[in-house]
$ cat my_file_28.cif   # mmCIF, C-alpha atoms
data_start
loop_
_atom_site.label_atom_id
_atom_site.label_comp_id
_atom_site.auth_asym_id
_atom_site.auth_seq_id
_atom_site.Cartn_x
_atom_site.Cartn_y
_atom_site.Cartn_z
CA GLY A 1 85.05 93.76 15.55
CA ASP A 2 87.01 90.74 16.86
CA ILE A 3 87.94 89.80 13.32
CA ASN A 4 90.67 87.29 14.14
CA LYS A 5 88.47 85.65 16.82
CA ASP A 6 91.04 85.72 19.60
CA GLY A 7 88.58 87.08 22.15
CA MET A 8 90.00 90.62 22.03
CA ARG A 9 89.76 93.75 19.92
CA ASN A 10 93.24 95.03 19.26
CA ILE A 11 95.63 96.24 16.58
CA MET A 12 95.64 92.84 14.86
CA ASP A 13 91.91 93.20 14.17
CA VAL A 14 92.58 96.67 12.69
CA ILE A 15 95.32 95.36 10.40
CA ILE A 16 93.24 92.38 9.22
CA CYS A 17 90.24 94.64 8.59
CA VAL A 18 92.32 97.00 6.44
CA ARG A 19 93.78 94.11 4.47
CA LEU A 20 90.29 92.69 3.88
CA ILE A 21 89.10 96.07 2.62
CA LEU A 22 91.97 96.19 0.11
CA GLY A 23 91.61 92.54 -0.85
CA ILE A 24 95.08 91.66 0.47
CA GLU A 25 93.77 88.84 2.66
CA GLY A 26 92.17 87.11 -0.31
CA LEU A 27 88.43 87.01 -0.89
CA ALA A 28 86.32 89.14 1.44
CA PRO A 29 83.74 87.30 3.58
CA GLU A 30 80.43 86.48 1.92
CA PRO A 31 77.88 89.25 2.64
CA GLY A 32 75.28 88.06 5.12
CA GLY A 33 77.48 85.32 6.52
CA PRO A 34 78.89 85.14 10.07
CA GLU A 35 82.43 86.09 8.96
CA TYR A 36 81.10 89.17 7.21
CA ALA A 37 79.08 90.16 10.28
CA ILE A 38 82.22 90.06 12.42
CA SER A 39 84.17 92.19 9.92
CA ASP A 40 81.28 94.67 9.56
CA ALA A 41 82.22 96.41 12.81
CA ASN A 42 79.73 99.29 12.48
CA ASN A 43 76.84 97.02 11.36
CA ASP A 44 75.95 99.01 8.23
CA GLY A 45 76.02 95.99 5.91
CA LEU A 46 79.18 97.18 4.13
CA LEU A 47 82.87 96.40 4.49
CA ASN A 48 84.98 99.56 4.14
CA ILE A 49 87.14 102.06 6.03
CA SER A 50 84.25 102.89 8.37
CA ASP A 51 84.60 99.43 9.90
CA ALA A 52 88.34 99.86 10.46
CA VAL A 53 87.75 103.24 12.13
CA ALA A 54 85.00 101.70 14.28
CA VAL A 55 87.46 99.07 15.57
CA VAL A 56 90.14 101.71 16.24
CA ASN A 57 87.69 103.95 18.10
CA HIS A 58 86.47 101.03 20.22
CA ILE A 59 90.07 100.27 21.22
CA LEU A 60 90.76 103.95 22.01
CA GLY A 61 87.43 104.44 23.82
CA ILE A 62 86.26 107.15 21.42
CA PRO A 63 82.47 107.71 21.19
CA SER A 64 80.70 106.61 18.03
CA ALA A 65 79.65 109.02 15.30
CA GLN A 66 76.02 108.78 16.40
CA SER A 67 76.88 110.74 19.55
CA ARG A 68 78.37 113.64 17.58
CA PRO A 69 76.84 116.18 15.17
CA MET A 70 77.56 115.66 11.49
CA PRO A 71 80.43 117.85 10.28
CA ASN A 72 79.80 120.31 7.45
CA ARG A 73 83.39 121.37 6.79
CA LEU A 74 84.85 120.34 3.44
CA ALA A 75 87.95 118.15 3.27
CA ARG A 76 90.13 118.97 0.24
CA LEU A 77 92.44 116.26 -1.05
CA ARG A 78 95.14 116.99 -3.63
CA ILE A 79 98.34 115.59 -5.12
CA GLY A 80 101.53 117.63 -5.02
CA ARG A 81 104.63 117.68 -7.21
CA ILE A 82 107.27 114.99 -6.83
CA GLU A 83 109.49 115.49 -3.81
CA TYR A 84 112.56 113.64 -2.58
CA SER A 85 112.99 111.77 0.66
CA MET A 86 116.05 111.99 2.92
CA SER A 87 117.44 109.02 0.98
CA LYS A 88 116.89 110.97 -2.29
CA ASN A 89 114.14 108.65 -3.52
CA PRO A 90 111.26 110.27 -5.45
CA CYS A 91 107.95 110.48 -3.56
CA ILE A 92 104.52 111.81 -4.49
CA PRO A 93 102.85 113.77 -1.66
CA ILE A 94 99.14 113.77 -0.91
CA TYR A 95 97.79 116.77 0.96
CA LEU A 96 94.61 116.92 3.03
CA ASP A 97 93.24 120.35 3.82
CA TYR A 98 90.89 119.94 6.78
CA ALA A 99 90.97 121.91 10.01
CA GLY A 100 89.80 119.12 12.33
CA ALA A 101 91.14 115.76 13.44
CA VAL A 102 90.92 112.89 10.93
CA ALA A 103 90.54 109.20 11.86
CA GLY A 104 91.31 107.75 8.46
CA ILE A 105 91.18 108.02 4.69
CA GLN A 106 90.58 105.60 1.86
CA VAL A 107 91.91 106.78 -1.50
CA VAL A 108 91.90 105.29 -5.00
CA LEU A 109 94.35 106.72 -7.54
CA ARG A 110 94.85 105.89 -11.21
CA SER A 111 98.30 105.87 -12.81
CA GLN A 112 98.70 107.28 -16.30
CA ASN A 113 102.28 106.08 -16.61
CA THR A 114 102.61 102.30 -16.75
CA ASN A 115 106.21 102.61 -15.54
CA LEU A 116 105.14 104.12 -12.23
CA LYS A 117 105.67 101.68 -9.38
CA ALA A 118 104.41 102.68 -5.95
CA SER A 119 105.50 101.30 -2.59
CA THR A 120 103.46 101.36 0.63
CA PRO A 121 102.75 105.02 1.47
CA VAL A 122 104.07 106.69 4.59
CA ALA A 123 101.75 108.64 6.91
CA ILE A 124 104.05 111.42 8.05
CA GLN A 125 101.39 113.40 9.93
CA TRP A 126 100.35 110.70 12.41
CA GLN A 127 102.72 109.40 15.09
CA ASP A 128 100.84 106.07 15.40
CA HIS A 129 99.17 104.78 12.27
CA VAL A 130 98.32 101.87 10.02
CA VAL A 131 98.85 102.30 6.28
CA GLU A 132 98.29 99.65 3.63
CA SER A 133 98.06 99.80 -0.16
CA ALA A 134 97.24 97.48 -3.03
CA VAL A 135 97.67 97.71 -6.80
CA ALA A 136 95.14 96.31 -9.26
CA GLY A 137 95.97 97.13 -12.87
CA ASP A 138 96.49 100.90 -13.08
CA LEU A 139 94.67 101.55 -9.78
CA LEU A 140 96.43 102.19 -6.48
CA SER A 141 94.21 101.85 -3.40
CA ILE A 142 95.35 103.22 -0.04
CA VAL A 143 93.87 102.97 3.44
CA ALA A 144 95.45 105.05 6.20
CA LEU A 145 94.27 105.09 9.83
CA ASN A 146 95.18 107.45 12.65
CA LEU A 147 95.72 105.48 15.87
CA THR A 148 96.16 108.58 18.03
CA ASN A 149 93.44 109.41 20.55
CA SER A 150 93.46 113.10 19.75
CA ASP A 151 90.93 115.67 18.58
CA HIS A 152 93.63 118.16 17.66
CA ALA A 153 93.93 119.52 14.14
CA ARG A 154 96.87 118.60 11.88
CA ASP A 155 99.34 120.81 10.04
CA THR A 156 97.52 121.21 6.72
CA THR A 157 100.59 122.70 5.00
CA ALA A 158 102.52 119.43 5.20
CA PRO A 159 101.65 116.24 3.26
CA LEU A 160 99.41 113.72 4.99
CA LEU A 161 100.90 110.86 2.98
CA THR A 162 103.87 110.37 0.71
CA ILE A 163 103.94 107.61 -1.91
CA PRO A 164 107.46 106.29 -2.67
CA THR A 165 107.85 105.58 -6.39
CA GLY A 166 110.22 103.18 -8.07
CA THR A 167 110.62 105.11 -11.30
CA ASN A 168 113.33 107.60 -12.13
CA PRO A 169 111.47 110.94 -12.57
CA SER A 170 113.93 112.06 -15.28
CA SER A 171 112.57 109.34 -17.56
CA GLY A 172 109.37 111.29 -18.12
CA THR A 173 106.18 112.58 -16.64
CA GLN A 174 104.60 110.50 -13.91
CA SER A 175 100.93 111.10 -13.34
CA LEU A 176 98.38 110.03 -10.79
CA ARG A 177 94.72 110.90 -10.87
CA LEU A 178 92.50 110.92 -7.79
CA GLU A 179 89.61 108.62 -8.63
CA SER A 180 87.77 108.60 -5.30
CA ALA A 181 88.31 109.27 -1.61
CA THR A 182 86.58 108.72 1.72
CA VAL A 183 87.63 110.83 4.71
CA LEU A 184 86.36 110.19 8.25
CA ASP A 185 86.71 112.51 11.22
CA ARG A 186 87.92 111.31 14.63
CA PHE A 187 84.44 110.04 15.54
CA GLY A 188 83.85 108.16 12.29
CA ASN A 189 81.69 110.76 10.54
CA HIS A 190 82.03 110.89 6.75
CA LEU A 191 83.31 114.28 5.63
CA PRO A 192 82.33 115.97 2.36
CA VAL A 193 85.37 115.66 0.09
CA SER A 194 86.71 117.76 -2.78
CA LEU A 195 89.26 116.12 -5.09
CA GLU A 196 91.78 118.46 -6.68
CA GLN A 197 93.24 116.76 -9.74
CA SER A 198 96.86 117.35 -10.58
CA TYR A 199 99.81 115.74 -12.20
CA SER A 200 103.20 115.09 -10.67
CA SER A 201 106.19 115.54 -12.94
CA GLY A 202 109.86 115.00 -12.39
CA HIS A 203 110.88 117.56 -15.04
CA GLU A 204 112.67 120.62 -13.78
CA GLY A 205 110.35 123.61 -13.65
CA ALA A 206 107.20 121.55 -14.14
CA THR A 207 104.02 122.90 -12.58
CA SER A 208 100.96 121.30 -11.10
CA ASP A 209 97.50 121.96 -12.51
CA HIS A 210 94.71 121.07 -10.06
CA HIS A 211 91.94 121.43 -12.64
CA LYS A 212 93.33 119.64 -15.67
CA TRP A 213 94.09 115.97 -16.09
CA ARG A 214 96.74 115.28 -18.70
#

$ encode --input "my_file_28.cif" --output "structure tokens"
Amino acid sequence: GDINKDGMRNIMDVIICVRLILGIEGLAPEPGGPEYAISDANNDGLLNISDAVAVVNHILGIPSAQSRPMPNRLARLRIGRIEYSMSKNPCIPIYLDYAGAVAGIQVVLRSQNTNLKASTPVAIQWQDHVVESAVAGDLLSIVALNLTNSDHARDTTAPLLTIPTGTNPSSGTQSLRLESATVLDRFGNHLPVSLEQSYSSGHEGATSDHHKWR
């Protein structure tokens, strides 16, 4: 987990790991090589959000997933209607309905509107966090990590993330589709996930349909 090879595991290793997962740091290490082995913090042969959570939990002194029973509660992820920040900029909220503590999420969304420009999301539910995003074509990938050593549940009625957008909502409908998501509990267990599709529109009186992709 000492990804930057400075002899310590700290927040810099977490940030580099997240950027490698999203491809921000350039090409990921070659599988099977020594660089890949260092980045593969949980030793499962893959490079993904589980490795970032493993580094965070090592820093926080949280037991590994192997010491905890597998959760069977469903995590429901959905997109809400466009909201406005304190600075009156349009934002798209992402809600996570899960009663327990969450260590991190990795989400891939697809944009239907080519004019939609997304900035780095904000994790408004976690006091200490790391959030990174990357755009490849019409896909927006997000990794968000909770750096709080807490097993307390969140407020599921408030958004977990908000995605600032650079498009004026009055110019037309802006849509995002949830393509895939990985949600890990505080101990690094993978949670079963339900994706509720919706569209987000800036038109007055528009509604959100969680079952229909337009």

$ closest_residue --input "my_file_28.cif" --among "A:Val130, A:Ala144, A:Ile3, A:Leu74" --to "Ser39 of chain A" --atoms "only C-alpha atoms"
A:Ile3

$ residues_around --input "my_file_28.cif" --residues "Ser194 of chain A" --least-positions-apart "6" --cutoff "9 Å" --atoms "all atoms listed in the file" --output "mmCIF file with C-alpha atoms, in the frame of the given file"
data_model
loop_
_atom_site.group_PDB
_atom_site.id
_atom_site.type_symbol
_atom_site.label_atom_id
_atom_site.label_comp_id
_atom_site.auth_asym_id
_atom_site.auth_seq_id
_atom_site.Cartn_x
_atom_site.Cartn_y
_atom_site.Cartn_z
ATOM 1 C CA LEU A 74 84.850 120.340 3.440
ATOM 2 C CA ALA A 75 87.950 118.150 3.270
ATOM 3 C CA ARG A 76 90.130 118.970 0.240
ATOM 4 C CA LEU A 77 92.440 116.260 -1.050
ATOM 5 C CA ARG A 78 95.140 116.990 -3.630
ATOM 6 C CA ALA A 181 88.310 109.270 -1.610
#

$ closest_residue --input "my_file_28.cif" --among "A:Pro121, A:Gly32, A:Gly61, A:Pro93" --to "Ser133 of chain A" --atoms "only C-alpha atoms"
A:Pro121

$ residues_around --input "my_file_28.cif" --residues "Leu60 of chain A" --least-positions-apart "5" --cutoff "9 Å" --atoms "all atoms listed in the file" --output "list in words"
Val55, Leu147, Thr148 and Asn149 of chain A

$ closest_residue --input "my_file_28.cif" --among "A:Leu178, A:Pro164, A:Ala52, A:Ile92" --to "Ile38 of chain A" --atoms "only C-alpha atoms"
A:Ala52

$ resolve_selection --input "my_file_28.cif" --expression "the PyMOL selection byres ((chain A and resi 110) around 6)" --output "list in words"
Leu109, Ser111, Asp138, Leu139, Leu176 and Arg177 of chain A

$ write_last_selection --input "my_file_28.cif" --atoms "C-alpha atoms" --output "mmCIF file, keeping the file's coordinate frame"
data_model
loop_
_atom_site.group_PDB
_atom_site.id
_atom_site.type_symbol
_atom_site.label_atom_id
_atom_site.label_comp_id
_atom_site.auth_asym_id
_atom_site.auth_seq_id
_atom_site.Cartn_x
_atom_site.Cartn_y
_atom_site.Cartn_z
ATOM 1 C CA LEU A 109 94.350 106.720 -7.540
ATOM 2 C CA SER A 111 98.300 105.870 -12.810
ATOM 3 C CA ASP A 138 96.490 100.900 -13.080
ATOM 4 C CA LEU A 139 94.670 101.550 -9.780
ATOM 5 C CA LEU A 176 98.380 110.030 -10.790
ATOM 6 C CA ARG A 177 94.720 110.900 -10.870
#

$ closest_residue --input "my_file_28.cif" --among "A:Val18, A:Ile142, A:Leu96, A:Ala123" --to "Val193 of chain A" --atoms "only C-alpha atoms"
A:Leu96

$ atom_distance --input "my_file_28.cif" --atom1 "atom CA of Leu191 of chain A" --atom2 "atom CA of Ile24 of chain A"
26.0 Å

$ atom_distance --input "my_file_28.cif" --atom1 "atom CA of Ile82 of chain A" --atom2 "atom CA of Glu132 of chain A"
20.6 Å

$ residues_around --input "my_file_28.cif" --residues "Val143 of chain A" --least-positions-apart "3" --cutoff "9 Å" --atoms "all atoms listed in the file" --output "ChimeraX atom specification"
/A:18-19,21-22,49,104-108,130-133

$ atom_distance --input "my_file_28.cif" --atom1 "atom CA of Pro159 of chain A" --atom2 "atom CA of Asp185 of chain A"
17.3 Å

$ residues_around --input "my_file_28.cif" --residues "Lys5 of chain A" --least-positions-apart "3" --cutoff "12 Å" --atoms "all atoms listed in the file" --output "list in words"
Gly1, Asp2, Met8, Arg9, Asn10, Met12, Asp13, Ile16, Pro34, Glu35, Ile38 and Ser39 of chain A
